[in-house]
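Peer 1: Pasting a structure here, questions to come.
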Amino acid sequence: MGLGYIGLPTAIIAAKHGVDIVGVDINPSVVEQTNAGHLHIIEPGMEEMLQDVVKSGKLHASTSPEVADAYFMVVPTPFKGDHEPDVSYVEAATRAVIPFLKEGDLYVIESTSPIGTTEMMANIIYNERPELKDKIFIAYCPERVLPGNVIYELVHNDRVIGGLNSASTEKAIEFYSQFVKGTLHKTNARTAEMCKLTENSSRDVQIAFANELSLICDKAGINVWELINLANKHPRVNILQPGCGVGGHCIAVDPYFITADFPAESKLISDAREINNYKAFWCAEKVKNAMLEFELKHHRKPVVAMMGLAFKPNIDDLRESPAKHIVAKVMQSCNNAEILVVEPNVKEHNVFKLTDYKDAYENADIVVFLTAHDPFRTLPWREDKVILDFCGIYKK
Ligand SMILES: NC(=O)c1ccc[n+]([C@@H]2O[C@H](COP(=O)([O-])OP(=O)(O)OC[C@H]3O[C@@H](n4cnc5c(N)ncnc54)[C@H](O)[C@@H]3O)[C@@H](O)[C@H]2O)c1
């Protein structure tokens, strides 16, 4: 259930290993493209695999579920309102498969979910189908692949599998063993749910520490990149790199699934979210101040190059990107200054007119590095420009 960035590659890899797959998605265009062997997501090497499994009949897509022996929920889990987790997609997908469930079936949630979601879905299933109580297997198995490297990671990463009982854990392990070569670690559903949230919160907290150091160092007149490099020479210290915030739909989202349910206990996780959000706001203020200073000094408005929109280097994913937020903030208050927006991994954007990175760098008075894309590292440091390097392009 769900043929997106995670569901579709999982379906393809399982089909490639001989499992008969019905890929279900409520988006008819996704279903149509999948059946035509056209990959609607960007994932290197995956389209050829899709064509193979569609041609061999191992995978077909549909807008509604069909009778199967195992059901996997791989639908979005965004947040709503004041950072409250939204499990309505998981519930809708679950309700859609309930009429098809039969004794001995396996039901697994892969979507990143707040603690207790698997139990909640089990209650929904058993309310609708009380005769299935203790006769089906229910488990949670989170995904931790890196988009761009999914073919390798889906097979080789270790996975955590937590059933509502040990029979469910074993049944899920039996399924994943068909294509996972990494170790399958057994636990219970609540621990598995929390494990996924912990992994992403841990990254968020560690990045927040680096971002906090960058704020302190800016005030103290210390180069944060040099500082972290030196501190990391300690054999037991490993500080991450600061940036202009934290983005993407995992690290910037999942910690809220903990803070929403455990507000009193999750102080550090909550502060990390705040620090990482604040860093983007701080960067926007820095750019605005640099623009004002330039105008006072030169009696004209500066040309500003905003370098990068993606949330991390060398990808085209702009979801929850702090860089995009900073560009929007600067543009709102730019007072007719010319802002050149650069994102070399995207051809067109529906809000920003994009400029080639070399042209923008050449023509700008103020250059703001927001995302450390590789091509930016080829640009020489220029003393005649004001350079705001928020992502360590030059580290000097
Ligand atoms: N993308 C990642 O890198 C990543 C990594 C780890 C975990 N996750 C988690 O995996 C889950 C899925 O993420 P994704 O990136 O694949 O999302 P996505 O948005 O790429 O895909 C989700 C798909 O589900 C479909 N869908 C929605 N409701 C449905 C329903 N009721 N029935 C059938 N299909 C339905 C949508 O049309 C969409 O095609 C999320 O919980 C996410 O947090 C994602």
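As shown in the structure tokens, the chain order sets the letters A, B, ...; within each chain, residues go from 1, and ligands are also counted from 1 in the order they appear.
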List every residue of region 141-265 of chain A that DSSP, applied to the backbone of this structure, assigns to alpha helix (DSSP H), and report them as a PyMOL selection string.

Peer 2: chain A and resi 150-156+166-176+189-220+224-231+255-259

Peer 1: Residues at most 8 Å from ligand 1, using only C-alpha atoms and all ligand atoms? Could they come as number ranges by chain?

Peer 2: A: 1-8, 24-27, 30, 41, 63-64, 73-78, 89-94, 96, 110-113, 142-147, 249-250, 254

Peer 1: Which residues, written as a short mmCIF file (atom, residue, chain, number, x, y, z; two decimals) with N, CA, C and O atoms, in the first residue's frame, have at least one atom at most 9 Å from Pro375 (chain A), with only C-alpha atoms counted and residues fewer than 6 positions away on the same chain left out?

Peer 2:
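Full text of part19.cif as output:
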data_model
loop_
_atom_site.label_atom_id
_atom_site.label_comp_id
_atom_site.auth_asym_id
_atom_site.auth_seq_id
_atom_site.Cartn_x
_atom_site.Cartn_y
_atom_site.Cartn_z
N ASN A 314 24.04 17.83 -3.43
CA ASN A 314 24.01 16.94 -4.60
C ASN A 314 22.72 16.15 -4.77
O ASN A 314 22.73 15.03 -5.29
N PRO A 344 21.60 23.95 -9.10
CA PRO A 344 22.07 23.24 -10.30
C PRO A 344 21.41 21.88 -10.53
O PRO A 344 21.48 21.35 -11.63
N TYR A 357 24.88 28.61 -11.97
CA TYR A 357 25.67 28.93 -10.77
C TYR A 357 26.90 29.78 -11.07
O TYR A 357 27.26 30.67 -10.29
#

Peer 1: Taking only C-alpha atoms into account, which of A:Asp218, A:Glu153, A:Glu128, A:Asp271 comes nearest Gln206 (chain A)?

Peer 2: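 Nearest candidate to Gln206 (chain A) out of A:Asp218, A:Glu153, A:Glu128, A:Asp271: A:Asp271.
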
Peer 1: Could you please write out, as a ChimeraX atom specification, every residue of region 101-252 of chain A that DSSP assigns to strand (DSSP E or B)?

Peer 2: /A:106-109,137-140,159-163,184-188

Peer 1: Which neighbours of Phe179 (chain A) fall inside 8 Å, counting only C-alpha atoms, when residues of the same chain fewer than 6 positions from it are skipped, and could you give them as a ChimeraX atom specification?

Peer 2: /A:13-14,17,155

Peer 1: What is the distance between CA of Ala328 (chain A) and CA of Tyr394 (chain A), in Å to one decimal?

Peer 2: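 Value for the CA of Ala328 (chain A)-CA of Tyr394 (chain A) distance: 24.4 Å.
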
Peer 1: Please indicate the distance in Å from CA of Asn223 (chain A) to CA of Ile387 (chain A), rounded to one decimal place.

Peer 2: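 Rounded to one decimal, the two atoms are 14.1 Å apart.
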
Peer 1: Fewer than 6 positions away in the same chain doesn't count, so skip those; otherwise give me all residues within 12 Å of Ala231 (chain A), counting only C-alpha atoms, as a VMD selection string.

Peer 2: chain A and resid 210 213 224 to 225 237 to 241
